[in-house]
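Chemist: Structure in structure tokens, see below.
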Amino acid sequence: MKKEKLILIGASTGGPGHIEKILKKLPSTLSSRVIIAQHMDALLFDSFTKRLNSISNLEILNSADELSLDSSKIIICSKTCTLENKDNDYKLVSSSKQNHTYNPTIDILFESASNFTNNFDILCILLTGIGSDGAKGMLKLKNSGAHTIAESEESAIVYGMPRSARELGAAEKILTIDNIIDEIMRFDKEYV
């Protein structure tokens, strides 16, 4: 039986431009669900989402307190979110703990998704950013059977988070942003 495809993207410094580049390329026929965790001040998410909607072929929503994955193909986490299964409806739920180091915290999203690799075929991507957020969550996803990619130093604006993923052994592939886009397209077309 074919599993639904889920693409998780984490980014920090330099991420908005890379996310725009990815979303411009995604076709309206995309079958995968996409969840994006971009470190950002909470007050900027509405304008960021509006900007992305203006350049994308797909509808993009901000995560609310609780948002079903069926609501949109692409969801931007405006707060730290976890993926949960509520009565066979997969939802993004905002974390009750609001004093996370980052908004949103990528590790928390990735770790929560690692519980659902039997339900979804997951591609996890960690893009440019300072620090190491997302690396531990990516390792947990990889160990649970997800496909994992870290951005290469060649294209990352800041090579912190992807380097941490590489050093942890969390990334199966290290690719430039352009090759990551190619990999997303390939992943979306493949059937499991």
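Please note that chains go A, B, ... in the order of the structure tokens, that every chain numbers its residues from 1, and that ligands are numbered from 1 in the order shown.
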Near range 65-76 of chain A, within 8 Å and counting only C-alpha atoms, which residues show up once chain neighbours fewer than 2 positions away are dropped, as a list of chain:residue names?
Modeler: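 Non-adjacent residues within range: A:Leu30, A:Ser31, A:Ser32, A:Arg33, A:Val34, A:Ile35, A:Ile36, A:Ala37, A:Gln38, A:Thr49, A:Leu58, A:Glu59, A:Ile60, A:Leu61, A:Asn62, A:Ser63, A:Ser78, A:Asp89, A:Tyr90, A:Lys91, A:Leu92, A:Val93, A:Ser94.
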Chemist: Residues of range 6-190 of chain A classed as helix (DSSP H, G or I) by DSSP on the backbone are to be reported as a PyMOL selection string.
Modeler: chain A and resi 15-25+42-55+69-71+106-116+135-143+161-168+177-189
Chemist: Could you turn the residues from that selection into a file that holds C-alpha atoms, as a PDB file, in the first residue's frame?
Modeler:
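Saved as again.pdb:
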```pdb
ATOM      1  CA  GLY A  15      16.317  30.268   5.163  1.00  0.00           C
ATOM      2  CA  PRO A  16      13.575  32.588   3.853  1.00  0.00           C
ATOM      3  CA  GLY A  17      15.309  33.048   0.490  1.00  0.00           C
ATOM      4  CA  HIS A  18      15.984  29.311   0.184  1.00  0.00           C
ATOM      5  CA  ILE A  19      12.375  28.477   1.084  1.00  0.00           C
ATOM      6  CA  GLU A  20      11.151  30.945  -1.555  1.00  0.00           C
ATOM      7  CA  LYS A  21      13.407  29.271  -4.109  1.00  0.00           C
ATOM      8  CA  ILE A  22      11.997  25.837  -3.237  1.00  0.00           C
ATOM      9  CA  LEU A  23       8.341  26.932  -3.231  1.00  0.00           C
ATOM     10  CA  LYS A  24       8.658  28.742  -6.577  1.00  0.00           C
ATOM     11  CA  LYS A  25       9.638  25.411  -8.154  1.00  0.00           C
ATOM     12  CA  ALA A  42       6.277  35.411  15.562  1.00  0.00           C
ATOM     13  CA  LEU A  43       5.158  38.845  14.345  1.00  0.00           C
ATOM     14  CA  LEU A  44       6.678  38.252  10.892  1.00  0.00           C
ATOM     15  CA  PHE A  45       4.909  35.001   9.980  1.00  0.00           C
ATOM     16  CA  ASP A  46       1.794  36.586   8.468  1.00  0.00           C
ATOM     17  CA  SER A  47       3.798  38.721   6.048  1.00  0.00           C
ATOM     18  CA  PHE A  48       6.155  35.792   5.301  1.00  0.00           C
ATOM     19  CA  THR A  49       3.202  33.527   4.487  1.00  0.00           C
ATOM     20  CA  LYS A  50       1.614  36.246   2.328  1.00  0.00           C
ATOM     21  CA  ARG A  51       4.883  36.641   0.435  1.00  0.00           C
ATOM     22  CA  LEU A  52       5.188  32.883  -0.130  1.00  0.00           C
ATOM     23  CA  ASN A  53       1.586  32.682  -1.361  1.00  0.00           C
ATOM     24  CA  SER A  54       2.378  35.379  -3.919  1.00  0.00           C
ATOM     25  CA  ILE A  55       5.189  33.318  -5.482  1.00  0.00           C
ATOM     26  CA  LEU A  69      -2.602  18.271   7.482  1.00  0.00           C
ATOM     27  CA  ASP A  70      -5.536  18.048   5.069  1.00  0.00           C
ATOM     28  CA  SER A  71      -6.026  21.825   5.307  1.00  0.00           C
ATOM     29  CA  ILE A 106      12.860  22.409  14.558  1.00  0.00           C
ATOM     30  CA  ASP A 107      14.032  19.509  16.753  1.00  0.00           C
ATOM     31  CA  ILE A 108      10.603  19.269  18.413  1.00  0.00           C
ATOM     32  CA  LEU A 109       8.804  19.078  15.047  1.00  0.00           C
ATOM     33  CA  PHE A 110      11.243  16.520  13.630  1.00  0.00           C
ATOM     34  CA  GLU A 111      11.196  14.356  16.781  1.00  0.00           C
ATOM     35  CA  SER A 112       7.382  14.300  16.833  1.00  0.00           C
ATOM     36  CA  ALA A 113       7.291  13.243  13.159  1.00  0.00           C
ATOM     37  CA  SER A 114       9.644  10.337  13.876  1.00  0.00           C
ATOM     38  CA  ASN A 115       6.652   8.590  15.495  1.00  0.00           C
ATOM     39  CA  PHE A 116       4.887   8.416  12.120  1.00  0.00           C
ATOM     40  CA  ALA A 135      20.162  17.928  13.834  1.00  0.00           C
ATOM     41  CA  LYS A 136      19.075  15.668  16.730  1.00  0.00           C
ATOM     42  CA  GLY A 137      15.519  15.500  15.424  1.00  0.00           C
ATOM     43  CA  MET A 138      16.821  14.610  11.974  1.00  0.00           C
ATOM     44  CA  LEU A 139      18.903  11.785  13.444  1.00  0.00           C
ATOM     45  CA  LYS A 140      15.814  10.436  15.191  1.00  0.00           C
ATOM     46  CA  LEU A 141      13.884  10.583  11.905  1.00  0.00           C
ATOM     47  CA  LYS A 142      16.701   8.849  10.020  1.00  0.00           C
ATOM     48  CA  ASN A 143      16.856   6.095  12.652  1.00  0.00           C
ATOM     49  CA  MET A 161      22.643  23.499  11.412  1.00  0.00           C
ATOM     50  CA  PRO A 162      23.476  21.419   8.312  1.00  0.00           C
ATOM     51  CA  ARG A 163      27.026  20.896   9.591  1.00  0.00           C
ATOM     52  CA  SER A 164      25.648  19.648  12.921  1.00  0.00           C
ATOM     53  CA  ALA A 165      23.413  17.173  11.070  1.00  0.00           C
ATOM     54  CA  ARG A 166      26.359  15.957   8.997  1.00  0.00           C
ATOM     55  CA  GLU A 167      28.604  15.596  12.059  1.00  0.00           C
ATOM     56  CA  LEU A 168      25.907  13.619  13.914  1.00  0.00           C
ATOM     57  CA  ILE A 177      19.908  23.967  -2.573  1.00  0.00           C
ATOM     58  CA  ASP A 178      19.400  23.332  -6.313  1.00  0.00           C
ATOM     59  CA  ASN A 179      20.013  19.597  -5.873  1.00  0.00           C
ATOM     60  CA  ILE A 180      17.686  19.584  -2.856  1.00  0.00           C
ATOM     61  CA  ILE A 181      14.924  20.963  -5.099  1.00  0.00           C
ATOM     62  CA  ASP A 182      15.616  18.176  -7.620  1.00  0.00           C
ATOM     63  CA  GLU A 183      15.463  15.615  -4.804  1.00  0.00           C
ATOM     64  CA  ILE A 184      12.111  16.987  -3.591  1.00  0.00           C
ATOM     65  CA  MET A 185      10.683  16.601  -7.113  1.00  0.00           C
ATOM     66  CA  ARG A 186      12.035  13.048  -7.380  1.00  0.00           C
ATOM     67  CA  PHE A 187      10.688  12.120  -3.945  1.00  0.00           C
ATOM     68  CA  ASP A 188       7.235  13.505  -4.783  1.00  0.00           C
ATOM     69  CA  LYS A 189       7.021  11.441  -7.993  1.00  0.00           C
TER      70      LYS A 189
END
```
Chemist: Counting only C-alpha atoms, which residue out of A:Glu151, A:Lys2, A:Cys124, A:His39 sits closest to His100 in chain A?
Modeler: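 Between A:Glu151, A:Lys2, A:Cys124, A:His39, the residue approaching His100 in chain A most closely is A:His39.
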Chemist: Running DSSP on the backbone, which parts of range 18-108 of chain A land in strand (DSSP E), as number ranges by chain?
Modeler: A: 33-38, 60-62, 66-68, 74-76, 81-86, 89-94
Chemist: Store the residues of this selection in a file with C-alpha atoms, as a PDB file, in the first residue's frame.
Modeler:
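Once everything was written out, this is part-v2.pdb:
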```pdb
ATOM      1  CA  ARG A  33       2.374  17.503   2.219  1.00  0.00           C
ATOM      2  CA  VAL A  34       5.047  20.010   3.253  1.00  0.00           C
ATOM      3  CA  ILE A  35       5.674  21.363   6.756  1.00  0.00           C
ATOM      4  CA  ILE A  36       8.204  24.167   7.144  1.00  0.00           C
ATOM      5  CA  ALA A  37       9.822  25.284  10.411  1.00  0.00           C
ATOM      6  CA  GLN A  38      11.717  28.543   9.774  1.00  0.00           C
ATOM      7  CA  ILE A  60       0.366  28.063   2.043  1.00  0.00           C
ATOM      8  CA  LEU A  61      -1.107  28.342   5.545  1.00  0.00           C
ATOM      9  CA  ASN A  62       0.280  29.415   8.900  1.00  0.00           C
ATOM     10  CA  GLU A  66      -4.226  23.070  15.760  1.00  0.00           C
ATOM     11  CA  LEU A  67      -4.315  22.526  12.009  1.00  0.00           C
ATOM     12  CA  SER A  68      -5.149  19.367  10.073  1.00  0.00           C
ATOM     13  CA  ILE A  74       2.080  23.521   2.628  1.00  0.00           C
ATOM     14  CA  ILE A  75       2.049  24.641   6.251  1.00  0.00           C
ATOM     15  CA  ILE A  76       4.436  27.132   7.867  1.00  0.00           C
ATOM     16  CA  CYS A  81       4.590  22.497  16.615  1.00  0.00           C
ATOM     17  CA  THR A  82       4.297  18.766  17.038  1.00  0.00           C
ATOM     18  CA  LEU A  83       2.761  16.304  14.606  1.00  0.00           C
ATOM     19  CA  GLU A  84       0.027  14.300  16.296  1.00  0.00           C
ATOM     20  CA  ASN A  85      -2.600  11.728  15.338  1.00  0.00           C
ATOM     21  CA  LYS A  86      -6.019  12.588  16.721  1.00  0.00           C
ATOM     22  CA  ASP A  89      -6.584  12.861  11.604  1.00  0.00           C
ATOM     23  CA  TYR A  90      -2.985  14.057  11.455  1.00  0.00           C
ATOM     24  CA  LYS A  91      -2.643  17.513  12.948  1.00  0.00           C
ATOM     25  CA  LEU A  92       0.024  20.081  13.667  1.00  0.00           C
ATOM     26  CA  VAL A  93      -0.463  21.178  17.251  1.00  0.00           C
ATOM     27  CA  SER A  94       1.233  24.207  18.793  1.00  0.00           C
TER      28      SER A  94
END
```
Chemist: Under the rule that only C-alpha atoms are counted, which of A:Met40, A:Leu175, A:Ile9, A:Asn119 is the nearest residue to Tyr102 in chain A?
Modeler: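 Ranked by minimum distance to Tyr102 in chain A, first place goes to A:Met40.
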Chemist: Which residue out of A:Glu154, A:Gly10, A:Gly160, A:Gly145 has the minimum interatomic distance to Glu172 in chain A when only C-alpha atoms are used?
Modeler: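 Closest candidate: A:Gly145.
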Chemist: Write out as a ChimeraX atom specification which residues come within 7 Å of Lys173 in chain A when counting only C-alpha atoms, dropping same-chain ones fewer than 6 positions away.
Modeler: /A:148-150
Chemist: If I take CA of Gly131 in chain A and CA of Ser56 in chain A, how far is one from the other in Å, to one decimal?
Modeler: 28.8 Å
Chemist: So, counting only C-alpha atoms, which residue among A:Leu26, A:Ala146, A:Ser12, A:Thr80 is closest to Ile130 in chain A?
Modeler: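 With only C-alpha atoms as the atom set, the closest residue is A:Ser12.
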Chemist: Quick one: pull the distance between CA of Ile122 in chain A and CA of Leu8 in chain A, Å, one decimal.
Modeler: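 Spanning CA of Ile122 in chain A to CA of Leu8 in chain A is a straight-line distance of 7.4 Å.
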